[in-house]
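Trainee: Handing you a structure now.
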2 protein chains.
Amino acid sequence: MLMVLDPRRLLLLRDVARAGSISAAARGLGWTQPAVSQHLARLERDAGGPLLLRGPAGVTPTEAGEALLRRADVVAAELHAAREELAALHSLRGGRVRLVAFPSAAATLVPDAVGALAADHPGVEVGLQEGEPPEALAAVSAGDADLALAFGYDGPPAGLGTLAWRPLLEEPVHLVLPPGHPGPGRRGLADLADEDWIGGCVRCRTHLVTRCAAAGFEPTVRHTSDDYVVVQNLVARGLGVTVLPASALAAYRHPDVRVVDLPVLGRRHVGLVHRPGADAVPATAALVARLVARASA
Amino acid sequence: MLMVLDPRRLLLLRDVARAGSISAAARGLGWTQPAVSQHLARLERDAGGPLLLRGPAGVTPTEAGEALLRRADVVAAELHAAREELAALHSLRGGRVRLVAFPSAAATLVPDAVGALAADHPGVEVGLQEGEPPEALAAVSAGDADLALAFGYDGPPAGLGTLAWRPLLEEPVHLVLPPGHPGPGRRGLADLADEDWIGGCVRCRTHLVTRCAAAGFEPTVRHTSDDYVVVQNLVARGLGVTVLPASALAAYRHPDVRVVDLPVLGRRHVGLVHRPGADAVPATAALVARLVARASA
DNA sequence: GAGGGGGCATAAGTTGTGCTGATGGTGCTC
DNA sequence: GAGCACCATCAGCACAACTTATGCCCCCTC
């Protein structure tokens with residue numbers, strides 16, 4: 001019976017009713033009178049009956065018109081509120097960003113960036129969670145997080161899928177030895193084939209095994225911890241050797257351990273992961289910008 | 001900064017979010033995928049940022065998108081309610097019609113028609129008010145009434161302006177004489193030049209004076225009342241002569257008065273007055289139909 | 001009573017939006 | 001690696017929407 005009502009025409013009806021006449025509404029909109037007249041005619045056709053009664057001095061709504069006007073008021077209010085809400089998000093008066101970061105990054109880079117964002121825009125709500133790259137990427141993919149700080153060895157982390165990768169920094173991976181250890185000789189990593197090794201997180205351990213295999217041996221991993229303080233304490237006591245990325249050593253450096261630069265261990269690539277387009281979300285973009293600034297400093 | 005949001009695109013965003021993907025929404029709407037895609041791109045441009053994040057398996061809303069979706073839900077609900085409301089008015093499950101009628105019509109024709117309407121459509125609210133044609137027309141013009149039952153002598157009432165006139169019936173105007181009165185002779189109305197006259201409402205009196213002037217005399221209006229029962233009682237007591245339209249005599253006929261048909265007195269035209277287009281309003285149309293049916297019966 | 005200014009509707013013409021169809025890119029699945 | 005999801009982009013076409021032009025009515029004024 002009655003067709004679907006075009007909400008734009010509903011708002012036009014509201015303009016006309018407020019202006020008091022079709023011509024006045026047209027002037028207010030910067031349109032011509034027939035344009036408004038035709039829209040109104042179409043709306044009345046869709047509504048199945050007259051909405052405005054035309055008099056010599058303008059128009060007055062019918063009962064159906066008044067009913068639609070009440071609805072139109074609500075629609076107009078919602079549209080206005082929506083614009084306000086968007087403006088608040090856009091100007092960072094509000095908004096939310098959920099970051100997942102791996103532990104050693106969370107200890108240094110993240111607090112700086114999050115603190116700066118909170119200071120500049122108190123309205124933005126920042127959610128922070130620790131997580132190794134695989135879980136971090138999963139959280140972003142699932143929509144449980146907006147941004148992930150992750151890393152990969154000699155390139156972006158695996159399993160990015162459709163996610164976008166933004167590199168932040170590259171850092172060397174160092175050999176960490178007990179005090180008094182002679183260090184690798186001319187044969188490099190292969191000189192350490194008989195040492196006891198201390199492994200970190202699963203992916204760090206995989207990287208270590210890969211590198212050692214390239215050097216011709218399989219390391220004996222006697223201890224395991226993903227805590228870089230614990231690892232260094234084990235090394236300092238002479239319980240084994242290990243590798244650590246530069247940022248972990250920057251966050252905490254045991255006074256007794258010996259750190260040796262060994263390029264063959266490769267470099268760790270640290271960067272941001274987000275869903276495509278998410279870097280255009282204001283709150284996310286603001287945090288990204290601050291993370292980039294801190295990383296390049 | 002951000003342009004005006006097209007509410008249709010807001011509803012489209014809602015469809016896409018509910019469908020889970022752009023393609024699925026397009027299928028549901030019977031559109032092609034690029035059509036939806038372009039609308040969304042336009043909406044995001046207007047909103048100043050992304051609203052949906054595209055993934056391999058569909059889309060998920062951003063924070064801004066969720067804000068707009070909440071608004072879109074309200075808009076959709078309002079549009080639905082508006083359609084329901086229109087349907088109720090159209091099917092006469094609701095609605096209102098305000099009728100102004102002149103007294104003698106209100107005594108006979110109106111109760112029948114209003115009763116029939118109330119019986120058929122209990123949801124329709126009928127407002128009834130008595131009023132002589134000038135006030136009735138003014139009420140309709142001012143929007144205080146939807147429909148007027150009015151009359152004019154020898155044609156539609158004066159002062160219609162832009163109002164529409166729908167004739168219902170024509171009735172003769174009769175001469176009303178005291179018992180035993182000889183009645184007019186060969187000269188017709190002029191034979192009554194020396195009588196005492198009883199006048200009715202202002203317009204009836206004007207009509208009477210006009211007719212007498214045409215007959216060559218000015219009537220002596222000794223008494224005045226717009227109540228046709230009172231007037232007939234005055235005539236019955238011999239206090240004067242008068243004229244009354246047939247419907248007044250049909251509503252009440254004093255047993256003693258003598259009624260004479262005198263074509264020179266003209267005919268009274270009874271009809272409906274409404275603002276142009278108002279007869280397309282369901283409730284008004286329903287009452288008009290019943291008034292027409294009763295009048296032609 | 002003729003003229004001017006208010007209101008509105010309608011018709012015809014032009015411009016721009018909005019849709020389609022085709023194409024290309026991507027990721028996931030078997 | 002082929003097939004099938006998803007999406008964006010482009011060109012092309014059709015209709016919708018707006019403008020211009022016109023006519024009608026009512027009201028007011030001179």
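Identifiers for the structure tokens are assigned positionally: chains receive A, B, ... in sequence, residues are indexed from 1 per chain, and ligands are indexed from 1 in the order shown.
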For Gln38 (chain B), find every residue with an atom within 12 Å (counting only C-alpha atoms (C1' of nucleotides)), except residues of its own chain fewer than 5 positions away, and show them as a list of chain:residue names.

Mentor: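 After dropping sequence-adjacent residues, the list is B:Arg9, B:Leu12, B:Leu13, B:Ile22, B:Ala26, B:Trp31, B:Thr32, B:Gln33, B:Leu43, B:Glu44, B:Arg45, C:DT17, C:DG18, C:DC19, D:DC7, D:DA8, D:DT9.
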
Trainee: Just need the residues of chain A within 12 Å of chain D, counting only C-alpha atoms (C1' of nucleotides), so spit them out as a ChimeraX atom specification.

Mentor: /A:26,30-39,42,54-58,162,276

Trainee: Select all residues from chain A having any atom no more than 9 Å from an atom of chain B (counting only C-alpha atoms, ignoring ligands), output as a VMD selection string.

Mentor: chain A and resid 1 to 8 47 to 56 60 62 to 64 67 to 68 70 to 72 74 to 76 78 to 79 81 to 83 85 to 87 89 to 90 95 to 96 141 143 162 to 163 275 to 278 280 to 282

Trainee: Identify, with DSSP run on backbone atoms, the residues in region 23-223 of chain B assigned to strand (DSSP E), and express the list as a ChimeraX atom specification.

Mentor: /B:52-55,58-61,96-101,125-130,147-153,164-177,196-199,220-223

Trainee: May I have the residues of chain C within 10 Å of chain B, counting only C-alpha atoms (C1' of nucleotides), written as a PyMOL selection string?

Mentor: chain C and resi 18-21+26-28

Trainee: Got time to write the residues from that selection, N, CA, C and O atoms (P, O5', C5', C4', C3', O3' and C1' of nucleotides), as a JSON list (two decimals), in the first residue's frame?

Mentor:
[["chain", "number", "residue", "atom", "x", "y", "z"],
["C", 18, "DG", "P", 23.57, 9.63, -4.85],
["C", 18, "DG", "O5'", 23.19, 8.36, -5.71],
["C", 18, "DG", "C5'", 21.94, 8.37, -6.42],
["C", 18, "DG", "C4'", 21.82, 7.06, -7.16],
["C", 18, "DG", "C3'", 22.49, 5.88, -6.45],
["C", 18, "DG", "O3'", 21.71, 4.72, -6.65],
["C", 18, "DG", "C1'", 23.43, 6.14, -8.57],
["C", 19, "DC", "P", 21.96, 3.46, -5.73],
["C", 19, "DC", "O5'", 22.18, 2.27, -6.76],
["C", 19, "DC", "C5'", 21.11, 1.87, -7.57],
["C", 19, "DC", "C4'", 21.61, 1.49, -8.95],
["C", 19, "DC", "C3'", 22.45, 0.23, -9.00],
["C", 19, "DC", "O3'", 21.61, -0.89, -9.28],
["C", 19, "DC", "C1'", 23.30, 1.96, -10.44],
["C", 20, "DT", "P", 22.28, -2.35, -9.22],
["C", 20, "DT", "O5'", 22.97, -2.48, -10.66],
["C", 20, "DT", "C5'", 22.20, -2.32, -11.84],
["C", 20, "DT", "C4'", 23.10, -2.40, -13.06],
["C", 20, "DT", "C3'", 23.89, -3.71, -13.19],
["C", 20, "DT", "O3'", 23.58, -4.31, -14.43],
["C", 20, "DT", "C1'", 25.33, -1.81, -13.42],
["C", 21, "DG", "P", 23.83, -5.87, -14.61],
["C", 21, "DG", "O5'", 25.25, -5.86, -15.36],
["C", 21, "DG", "C5'", 25.45, -5.02, -16.50],
["C", 21, "DG", "C4'", 26.92, -5.04, -16.90],
["C", 21, "DG", "C3'", 27.63, -6.39, -16.70],
["C", 21, "DG", "O3'", 28.34, -6.74, -17.87],
["C", 21, "DG", "C1'", 28.84, -4.67, -15.62],
["C", 26, "DT", "P", 47.66, -8.02, -4.89],
["C", 26, "DT", "O5'", 46.79, -8.69, -3.74],
["C", 26, "DT", "C5'", 46.22, -7.88, -2.71],
["C", 26, "DT", "C4'", 45.26, -8.72, -1.89],
["C", 26, "DT", "C3'", 45.84, -10.01, -1.34],
["C", 26, "DT", "O3'", 46.27, -9.81, 0.00],
["C", 26, "DT", "C1'", 43.57, -10.26, -2.10],
["C", 27, "DG", "P", 47.02, -10.98, 0.74],
["C", 27, "DG", "O5'", 45.84, -11.89, 1.30],
["C", 27, "DG", "C5'", 44.89, -11.33, 2.19],
["C", 27, "DG", "C4'", 43.85, -12.37, 2.55],
["C", 27, "DG", "C3'", 44.41, -13.67, 3.14],
["C", 27, "DG", "O3'", 43.61, -14.07, 4.24],
["C", 27, "DG", "C1'", 43.10, -14.16, 1.24],
["C", 28, "DC", "P", 44.07, -15.28, 5.15],
["C", 28, "DC", "O5'", 43.04, -16.43, 4.79],
["C", 28, "DC", "C5'", 41.65, -16.15, 4.89],
["C", 28, "DC", "C4'", 40.86, -17.28, 4.26],
["C", 28, "DC", "C3'", 41.23, -18.69, 4.75],
["C", 28, "DC", "O3'", 40.06, -19.37, 5.15],
["C", 28, "DC", "C1'", 41.24, -18.60, 2.39]]

Trainee: Would you list, as a PyMOL selection string, the residues of region 37-202 of chain B that end up in alpha helix (DSSP H) under DSSP run on this structure's backbone?

Mentor: chain B and resi 37-47+63-90+103-120+133-142+202
